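Novice: File work-v3.txt follows (compact mmCIF, C-alpha atoms and all ligand atoms):
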```txt
# COMPACT_ATOMS: atom_id res chain seq x y z
CA MET A 1 -4.91 -29.09 -3.39
CA SER A 2 -8.04 -27.31 -2.19
CA ALA A 3 -10.83 -26.52 -4.66
CA PRO A 4 -10.88 -23.00 -6.09
CA LYS A 5 -12.99 -20.60 -4.11
CA THR A 6 -16.31 -19.63 -5.63
CA MET A 7 -17.20 -15.97 -6.02
CA ARG A 8 -19.51 -16.24 -3.05
CA ASP A 9 -16.66 -17.30 -0.75
CA ARG A 10 -14.55 -14.33 -1.65
CA PRO A 11 -14.70 -11.20 0.48
CA GLU A 12 -15.90 -7.84 -0.80
CA VAL A 13 -13.89 -6.00 -3.45
CA LEU A 14 -12.94 -2.58 -2.06
CA LEU A 15 -10.67 -1.41 -4.86
CA ARG A 16 -10.73 -2.48 -8.50
CA CYS A 17 -8.71 -1.37 -11.48
CA SER A 18 -9.71 -2.31 -15.00
CA ALA A 19 -7.43 -2.25 -18.05
CA LEU A 20 -5.23 0.36 -16.40
CA VAL A 21 -2.51 1.78 -18.64
CA ARG A 22 0.28 4.31 -18.08
CA GLN A 23 2.61 5.35 -20.83
CA TRP A 24 5.70 7.50 -20.44
CA GLY A 25 6.37 8.61 -23.99
CA GLY A 26 6.96 5.39 -25.88
CA LEU A 27 7.34 3.27 -22.74
CA ILE A 28 4.29 1.41 -21.46
CA ALA A 29 5.02 1.26 -17.73
CA VAL A 30 1.66 -0.37 -16.86
CA ASN A 31 -0.12 -2.31 -19.57
CA ARG A 32 -3.86 -3.04 -19.24
CA VAL A 33 -3.71 -4.18 -15.62
CA SER A 34 -7.01 -5.38 -14.10
CA LEU A 35 -6.96 -6.35 -10.44
CA ASP A 36 -9.27 -6.62 -7.43
CA PHE A 37 -8.27 -5.79 -3.88
CA ARG A 38 -10.55 -7.34 -1.29
CA LEU A 39 -11.37 -6.66 2.33
CA GLY A 40 -9.45 -9.03 4.57
CA GLU A 41 -6.77 -9.87 2.02
CA VAL A 42 -3.12 -9.00 1.55
CA HIS A 43 -2.60 -8.78 -2.20
CA ALA A 44 1.12 -8.75 -3.00
CA VAL A 45 2.35 -7.25 -6.26
CA ILE A 46 5.79 -8.51 -7.15
CA GLY A 47 8.15 -8.01 -10.07
CA THR A 48 11.69 -6.94 -10.82
CA ASN A 49 12.78 -3.29 -10.76
CA GLY A 50 10.99 -1.29 -13.43
CA ALA A 51 8.09 -3.76 -13.70
CA GLY A 52 5.58 -0.94 -13.06
CA LYS A 53 4.65 -1.63 -9.43
CA SER A 54 5.12 1.91 -8.12
CA THR A 55 3.44 3.37 -11.20
CA LEU A 56 0.45 1.13 -10.50
CA ILE A 57 0.27 2.27 -6.85
CA ASN A 58 0.66 5.91 -7.93
CA MET A 59 -2.27 5.59 -10.29
CA LEU A 60 -4.42 3.91 -7.64
CA SER A 61 -3.59 6.56 -5.05
CA GLY A 62 -4.17 9.39 -7.52
CA GLU A 63 -0.63 10.72 -7.73
CA ILE A 64 -0.40 10.12 -11.45
CA GLU A 65 -3.14 9.94 -14.06
CA PRO A 66 -3.72 6.76 -15.98
CA SER A 67 -3.35 6.98 -19.77
CA SER A 68 -6.49 4.83 -19.94
CA GLY A 69 -8.52 2.41 -17.85
CA THR A 70 -10.70 2.84 -14.77
CA ILE A 71 -10.41 2.66 -10.98
CA HIS A 72 -13.34 1.95 -8.66
CA LEU A 73 -13.44 2.31 -4.89
CA ARG A 74 -16.37 0.12 -3.85
CA SER A 75 -19.00 1.14 -6.42
CA GLU A 76 -17.63 4.64 -7.04
CA ASN A 77 -15.67 5.42 -10.20
CA ILE A 78 -12.72 7.40 -8.78
CA THR A 79 -10.56 7.43 -11.92
CA ASN A 80 -10.71 11.23 -12.19
CA TRP A 81 -10.60 12.00 -8.48
CA SER A 82 -7.67 13.94 -7.00
CA GLN A 83 -5.30 12.28 -4.55
CA PRO A 84 -6.69 14.19 -1.52
CA ARG A 85 -10.24 13.27 -2.46
CA ARG A 86 -9.26 9.61 -2.71
CA ALA A 87 -7.50 9.81 0.66
CA GLN A 88 -10.65 11.23 2.20
CA ALA A 89 -12.69 8.42 0.66
CA GLY A 90 -10.48 5.78 2.32
CA LEU A 91 -7.42 5.17 0.16
CA GLY A 92 -4.29 5.27 2.30
CA ARG A 93 -0.75 4.84 1.08
CA SER A 94 2.84 4.64 2.20
CA TYR A 95 5.78 5.52 0.00
CA GLN A 96 8.87 3.69 -1.17
CA ARG A 97 10.93 6.45 0.39
CA ASN A 98 10.57 7.79 3.88
CA THR A 99 8.05 10.62 4.21
CA ILE A 100 8.02 11.32 7.94
CA PHE A 101 8.83 14.71 9.50
CA PRO A 102 12.06 13.83 11.33
CA GLY A 103 12.01 16.78 13.75
CA PHE A 104 8.49 16.05 14.99
CA SER A 105 7.46 13.44 17.52
CA VAL A 106 5.75 10.20 16.59
CA LEU A 107 2.46 11.57 17.88
CA GLU A 108 2.83 14.86 15.99
CA ASN A 109 3.54 13.01 12.77
CA CYS A 110 0.43 10.89 13.26
CA ARG A 111 -1.65 13.92 14.17
CA LEU A 112 -0.61 15.80 11.03
CA ALA A 113 -1.58 12.76 8.99
CA ALA A 114 -4.94 12.53 10.78
CA GLN A 115 -5.62 16.20 10.15
CA SER A 116 -4.83 15.84 6.47
CA ARG A 117 -8.19 14.10 6.22
CA THR A 118 -10.16 16.95 7.74
CA PRO A 119 -11.71 19.46 5.30
CA LYS A 120 -9.28 22.30 6.08
CA PRO A 121 -5.86 20.73 6.55
CA TRP A 122 -4.16 24.16 6.26
CA HIS A 123 -5.69 25.12 9.58
CA TRP A 124 -3.70 22.51 11.42
CA TRP A 125 -1.63 25.03 13.37
CA GLU A 126 -4.58 26.66 15.06
CA SER A 127 -6.40 23.44 15.83
CA ALA A 128 -3.41 21.24 16.67
CA SER A 129 -3.79 21.35 20.43
CA ARG A 130 -7.57 21.42 20.44
CA CYS A 131 -8.58 18.93 17.86
CA ALA A 132 -9.47 16.01 20.08
CA ALA A 133 -10.67 13.86 17.21
CA SER A 134 -7.40 13.96 15.34
CA LEU A 135 -5.45 13.41 18.54
CA ASP A 136 -7.55 10.34 19.23
CA ALA A 137 -7.05 9.05 15.71
CA ALA A 138 -3.31 9.69 16.00
CA CYS A 139 -3.01 7.82 19.30
CA GLN A 140 -5.02 4.88 18.04
CA ALA A 141 -3.02 4.65 14.84
CA ALA A 142 0.32 4.78 16.67
CA GLU A 143 -0.86 2.14 19.10
CA LEU A 144 -2.15 -0.12 16.33
CA ALA A 145 1.18 0.20 14.52
CA GLY A 146 3.06 -0.84 17.68
CA LEU A 147 4.41 2.59 18.63
CA LYS A 148 2.43 3.15 21.81
CA ASP A 149 5.61 3.46 23.90
CA ARG A 150 7.22 5.91 21.47
CA LEU A 151 4.59 8.64 21.18
CA GLU A 152 6.86 11.44 22.38
CA GLN A 153 10.01 10.25 20.65
CA THR A 154 11.47 12.40 17.88
CA ALA A 155 10.68 10.57 14.66
CA GLY A 156 14.15 11.10 13.20
CA LEU A 157 15.66 9.15 16.09
CA LEU A 158 13.56 6.01 15.56
CA SER A 159 15.20 2.86 14.21
CA HIS A 160 14.71 2.09 10.53
CA GLY A 161 11.99 -0.47 11.28
CA GLN A 162 10.19 1.89 13.63
CA LYS A 163 10.22 4.60 10.96
CA ARG A 164 8.43 2.24 8.62
CA GLN A 165 5.96 1.44 11.40
CA LEU A 166 5.43 5.17 11.78
CA GLU A 167 4.67 5.45 8.07
CA ILE A 168 2.01 2.79 8.48
CA ALA A 169 0.71 4.60 11.57
CA MET A 170 0.48 7.85 9.57
CA CYS A 171 -1.40 6.02 6.89
CA LEU A 172 -3.74 4.48 9.51
CA ALA A 173 -4.34 7.88 11.09
CA THR A 174 -6.25 8.87 7.95
CA ASN A 175 -8.64 5.97 8.70
CA PRO A 176 -8.30 4.21 5.36
CA GLN A 177 -10.10 1.10 4.16
CA VAL A 178 -7.48 0.32 1.57
CA LEU A 179 -3.74 0.37 2.33
CA LEU A 180 -1.35 0.80 -0.58
CA LEU A 181 2.10 -0.13 0.73
CA ASP A 182 5.15 0.35 -1.48
CA GLU A 183 7.97 -1.81 -0.11
CA PRO A 184 7.33 -1.33 3.61
CA LEU A 185 9.88 -4.06 4.41
CA ALA A 186 12.76 -2.50 2.46
CA GLY A 187 16.00 -2.50 4.41
CA MET A 188 14.57 -4.32 7.41
CA GLY A 189 16.31 -7.01 9.42
CA ALA A 190 14.64 -10.32 10.28
CA GLU A 191 13.19 -9.14 13.57
CA GLU A 192 11.80 -5.91 12.10
CA THR A 193 10.33 -7.86 9.18
CA ASP A 194 8.59 -10.23 11.61
CA ARG A 195 7.14 -7.29 13.50
CA MET A 196 5.88 -5.64 10.31
CA LEU A 197 4.35 -8.87 9.00
CA ASN A 198 2.55 -9.35 12.31
CA LEU A 199 1.26 -5.81 12.02
CA LEU A 200 -0.01 -6.44 8.48
CA LYS A 201 -1.70 -9.65 9.66
CA LYS A 202 -3.45 -7.64 12.34
CA LEU A 203 -4.53 -4.94 9.87
CA ARG A 204 -5.70 -7.37 7.21
CA LYS A 205 -8.99 -8.09 8.99
CA ASP A 206 -10.35 -4.58 8.52
CA HIS A 207 -8.57 -3.50 5.34
CA ALA A 208 -7.72 -4.42 1.80
CA ILE A 209 -3.92 -4.31 1.58
CA LEU A 210 -1.84 -3.95 -1.58
CA LEU A 211 1.72 -4.90 -0.70
CA VAL A 212 4.58 -4.26 -3.12
CA GLU A 213 7.51 -6.29 -1.90
CA HIS A 214 10.80 -7.78 -3.07
CA ASP A 215 11.35 -10.22 -0.21
CA MET A 216 9.76 -13.40 -1.59
CA ASP A 217 9.92 -15.25 1.72
CA ALA A 218 7.94 -12.45 3.34
CA VAL A 219 5.48 -12.37 0.43
CA PHE A 220 4.80 -16.08 0.63
CA ARG A 221 4.41 -15.84 4.40
CA ILE A 222 1.68 -13.25 4.30
CA ALA A 223 0.00 -12.88 0.90
CA ASP A 224 -3.52 -14.16 0.20
CA GLN A 225 -3.19 -13.17 -3.45
CA ILE A 226 -0.08 -12.60 -5.53
CA THR A 227 0.19 -10.73 -8.80
CA VAL A 228 3.39 -10.94 -10.82
CA MET A 229 4.29 -8.10 -13.18
CA VAL A 230 6.91 -8.16 -15.91
CA ASN A 231 7.53 -5.04 -18.02
CA GLY A 232 4.19 -3.50 -17.06
CA THR A 233 2.14 -6.61 -17.80
CA VAL A 234 0.54 -9.04 -15.34
CA ILE A 235 1.84 -12.51 -16.17
CA ALA A 236 0.11 -14.30 -13.29
CA SER A 237 -2.36 -13.46 -10.53
CA GLY A 238 -4.00 -15.70 -7.96
CA GLU A 239 -3.45 -17.66 -4.79
CA PRO A 240 0.17 -18.10 -3.72
CA GLN A 241 0.35 -21.82 -4.39
CA ALA A 242 -0.91 -21.45 -7.95
CA VAL A 243 1.40 -18.50 -8.65
CA ARG A 244 4.38 -20.35 -7.20
CA GLN A 245 3.74 -23.26 -9.59
CA ASN A 246 3.07 -21.11 -12.65
CA ALA A 247 5.68 -21.94 -15.29
CA ASP A 248 5.81 -18.38 -16.70
CA VAL A 249 6.45 -17.01 -13.22
CA GLN A 250 9.15 -19.57 -12.53
CA ALA A 251 10.87 -18.69 -15.78
CA ALA A 252 10.51 -14.92 -15.48
CA TYR A 253 10.96 -14.27 -11.85
CA LEU A 254 10.95 -16.75 -9.04
CA GLY A 255 13.84 -18.96 -10.08
CA GLY A 256 14.54 -21.28 -7.21
CA HIS A 257 11.47 -20.38 -5.11
N1 LIG B 1 8.09 9.79 -14.06
C1 LIG B 1 8.53 8.89 -14.97
N2 LIG B 1 8.92 9.29 -16.18
C2 LIG B 1 9.35 8.41 -17.11
N3 LIG B 1 9.43 7.06 -16.89
C3 LIG B 1 9.06 6.62 -15.69
C4 LIG B 1 8.59 7.48 -14.65
N4 LIG B 1 8.30 6.75 -13.56
C5 LIG B 1 8.58 5.48 -13.87
N5 LIG B 1 9.04 5.39 -15.14
C6 LIG B 1 9.42 4.16 -15.84
O1 LIG B 1 8.32 3.27 -15.78
C7 LIG B 1 8.79 1.94 -15.58
C8 LIG B 1 8.14 1.38 -14.32
O2 LIG B 1 8.69 2.05 -13.18
P1 LIG B 1 8.17 1.77 -11.71
O3 LIG B 1 6.69 1.80 -11.69
O4 LIG B 1 8.89 2.70 -10.80
O5 LIG B 1 8.66 0.27 -11.48
P2 LIG B 1 8.84 -0.58 -10.13
O6 LIG B 1 8.20 0.16 -9.01
O7 LIG B 1 8.19 -1.89 -10.43
O8 LIG B 1 10.32 -0.74 -9.93
C9 LIG B 1 10.30 1.99 -15.50
O9 LIG B 1 10.83 1.68 -16.78
C10 LIG B 1 10.56 3.45 -15.15
O10 LIG B 1 11.81 3.86 -15.65
MG MG B 2 8.96 0.85 -7.14
```
What would you get if you wrote out this structure as structure tokens?
Ligand SMILES: Nc1ncnc2c1ncn2[C@@H]1O[C@H](COP(=O)(O)OP(=O)(O)O)[C@@H](O)[C@H]1O
Ligand SMILES: [Mg+2]
Specialist:
Amino acid sequence: MSAPKTMRDRPEVLLRCSALVRQWGGLIAVNRVSLDFRLGEVHAVIGTNGAGKSTLINMLSGEIEPSSGTIHLRSENITNWSQPRRAQAGLGRSYQRNTIFPGFSVLENCRLAAQSRTPKPWHWWESASRCAASLDAACQAAELAGLKDRLEQTAGLLSHGQKRQLEIAMCLATNPQVLLLDEPLAGMGAEETDRMLNLLKKLRKDHAILLVEHDMDAVFRIADQITVMVNGTVIASGEPQAVRQNADVQAAYLGGH
């Protein structure tokens, strides 16, 4: 086994949460979770249904407020920032459920996402055809996500896998540094999964990626770091090999893996 990496070997932390807690009434959905998300790494968060994965992502993206704890983006304390402000600062996310506009083309979807990062997103209708910057960002994002040949296609008519690619493209169109991806592989066949994993490998270089995923084979194929949550608590976090061999993880979650 290789020696543990020293701090100096590790890439830069882009996003950090410290002792993050979310309670719903008496239920502690996320319990004092402290994690780092680093540039150039895919950090998978795994756990059974109800473990608190989506709640964690929602707190990081700013959709729900933490009950306590802090969130830093680079050196900035963003714990009290709104979701739009975080998006503008470089936090991009995709959702567990599809959020595309089905009647719009791939390019239009990407362009709306790109414009959501400009200071006056409600002016999109008057600037849509003129805003060269957002059009550029939209084209680049669609191309990066593997949808270059589908720019004019109606989003609702894309295959399931392509719709998920479009969600990533829409996230990329906002030019994020951190990608928060909630189950982007859900419902995908083997070929679509391969394509998405290749896309994430390509994106890893320039981003910190938080990947929530159920497919353990996919997770072990791509993750640089794995965190395992059970009932809101992190029971293990580290490099895949160490997590795979962790007795608590084996007992609680991985079974035969
Ligand atoms: N809006 C909410 N109100 C009350 N309880 C919630 C809410 N959202 C999530 N929960 C509860 O928090 C726990 C964690 O949920 P969630 O973060 O969605 O888990 P996961 O994404 O890991 O499946 C679950 O017990 C869930 O029922
Ligand atoms: Mg979830």
Novice: Go through A:Gly189, A:Gly52, A:Gly103, A:Gly90 and flag the residue nearest A:Val234, using all atoms listed in the file for the distances.
Specialist: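 Distance minimum relative to A:Val234 lands on A:Gly52.
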Novice: Within 9 Å of ligand MG 2 (chain B), which residues show up when you count all atoms listed in the file? List them as a list in words, please.
Specialist: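 My answer, listing the contacting residues, is Asn49, Gly50, Ala51, Gly52, Lys53, Ser54, Thr55, Ile57, Gln96, Asp182, Glu183, Val212 and Glu213 of chain A.
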Novice: Export, as a short mmCIF file (atom, residue, chain, number, x, y, z; two decimals), keeping the file's coordinate frame, the selected residues with C-alpha atoms.
Specialist:
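Contents of the output file selection27.cif:
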```cif
data_model
loop_
_atom_site.label_atom_id
_atom_site.label_comp_id
_atom_site.auth_asym_id
_atom_site.auth_seq_id
_atom_site.Cartn_x
_atom_site.Cartn_y
_atom_site.Cartn_z
CA ASN A 49 12.78 -3.29 -10.76
CA GLY A 50 10.99 -1.29 -13.43
CA ALA A 51 8.09 -3.76 -13.70
CA GLY A 52 5.58 -0.94 -13.06
CA LYS A 53 4.65 -1.63 -9.43
CA SER A 54 5.12 1.91 -8.12
CA THR A 55 3.44 3.37 -11.20
CA ILE A 57 0.27 2.27 -6.85
CA GLN A 96 8.87 3.69 -1.17
CA ASP A 182 5.15 0.35 -1.48
CA GLU A 183 7.97 -1.81 -0.11
CA VAL A 212 4.58 -4.26 -3.12
CA GLU A 213 7.51 -6.29 -1.90
#
```
Novice: Excluding stretch 238-241 of chain A and any residue of its chain fewer than 2 positions from it, enumerate the residues within 8 Å of it, using all atoms listed in the file, and give them as a list in words.
Specialist: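 Counting all atoms listed in the file, the residues come to Phe220, Ala223, Asp224, Gln225, Ile226, Thr227, Ala236, Val243, Arg244 and Gln245 of chain A.
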Novice: Mind writing the picked residues with C-alpha atoms as a CSV table (one decimal), keeping the file's coordinate frame?
Specialist:
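As written to disk, again.csv reads:
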```csv
chain,number,residue,atom,x,y,z
A,220,PHE,CA,4.8,-16.1,0.6
A,223,ALA,CA,0.0,-12.9,0.9
A,224,ASP,CA,-3.5,-14.2,0.2
A,225,GLN,CA,-3.2,-13.2,-3.4
A,226,ILE,CA,-0.1,-12.6,-5.5
A,227,THR,CA,0.2,-10.7,-8.8
A,236,ALA,CA,0.1,-14.3,-13.3
A,243,VAL,CA,1.4,-18.5,-8.6
A,244,ARG,CA,4.4,-20.4,-7.2
A,245,GLN,CA,3.7,-23.3,-9.6
```
Novice: With all atoms listed in the file as the basis for distance, which of A:Leu172, A:Ala155, A:Leu56, A:Ala208 is at the shortest distance from A:Val13?
Specialist: A:Ala208
Novice: Leaving out A:Pro176 and any residue of its chain fewer than 3 positions from it, which residues lie within 10 Å of it when counting all atoms listed in the file, given as JSON, numbers by chain?
Specialist: {"A": [86, 87, 88, 89, 90, 91, 92, 93, 117, 171, 172, 173, 179, 180, 206, 207, 208]}
Novice: For A:Leu210, find every residue with an atom within 8 Å (counting all atoms listed in the file), except residues of its own chain fewer than 5 positions away, and show them as a ChimeraX atom specification.
Specialist: /A:37,42-45,178-181
Novice: Smallest atom-to-atom distance to ligand LIG 1 (chain B): which of A:Leu158, A:Met170, A:Met229, A:Ala218, using all atoms listed in the file?
Specialist: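 Answer, going by the shortest atom-to-atom distance: A:Met229.
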Novice: Point out the residue among A:Gly40, A:Gly146, A:Gly232, A:Gly161 with the least atom-to-atom distance to ligand LIG 1 (chain B), counting all atoms listed in the file.
Specialist: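 Comparing A:Gly40, A:Gly146, A:Gly232, A:Gly161 against ligand LIG 1 (chain B), the winner is A:Gly232.
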Novice: Need the shell around A:Leu151: protein/DNA/RNA residues with any atom at most 12 Å away, counting all atoms listed in the file. Skip same-chain ones fewer than 4 positions apart. Format as an NGL selection string?
Specialist: :A and (104-111 or 135 or 138-143 or 145-147 or 155 or 158 or 162 or 166 or 169)
Novice: Interatomic distance between atom CA of A:Gly62 and atom CA of A:Ser82?
Specialist: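 Taking atom CA of A:Gly62 as the start and atom CA of A:Ser82 as the end point, the length is 5.8 Å.
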Novice: Just the number, please: distance in Å from atom CA of A:Leu197 to atom CA of A:Thr174, one decimal.
Specialist: 20.7 Å
Novice: Record the distance separating atom CA of A:Arg85 and atom O10 of ligand LIG 1 (chain B), expressed in Å with one decimal.
Specialist: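 Interatomic distance, atom CA of A:Arg85 to atom O10 of ligand LIG 1 (chain B): 27.4 Å.
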Novice: Give me the residues within 8 Å of A:Leu35 as a ChimeraX atom specification, counting all atoms listed in the file and dropping any in the same chain fewer than 5 places off.
Specialist: /A:16-18
Novice: Here is a test: counting all atoms listed in the file, which residue of A:Trp81, A:Ala190, A:Ala247, A:Asn231 is nearest to ligand LIG 1 (chain B)?
Specialist: A:Asn231
Novice: Give the answer as one residue: which of A:Gln177, A:Gln115, A:Asn77, A:Ser94 has the shortest atom-to-atom distance to A:Arg204, using only C-alpha atoms?
Specialist: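 Of the candidates, the smallest distance to A:Arg204 is held by A:Gln177.
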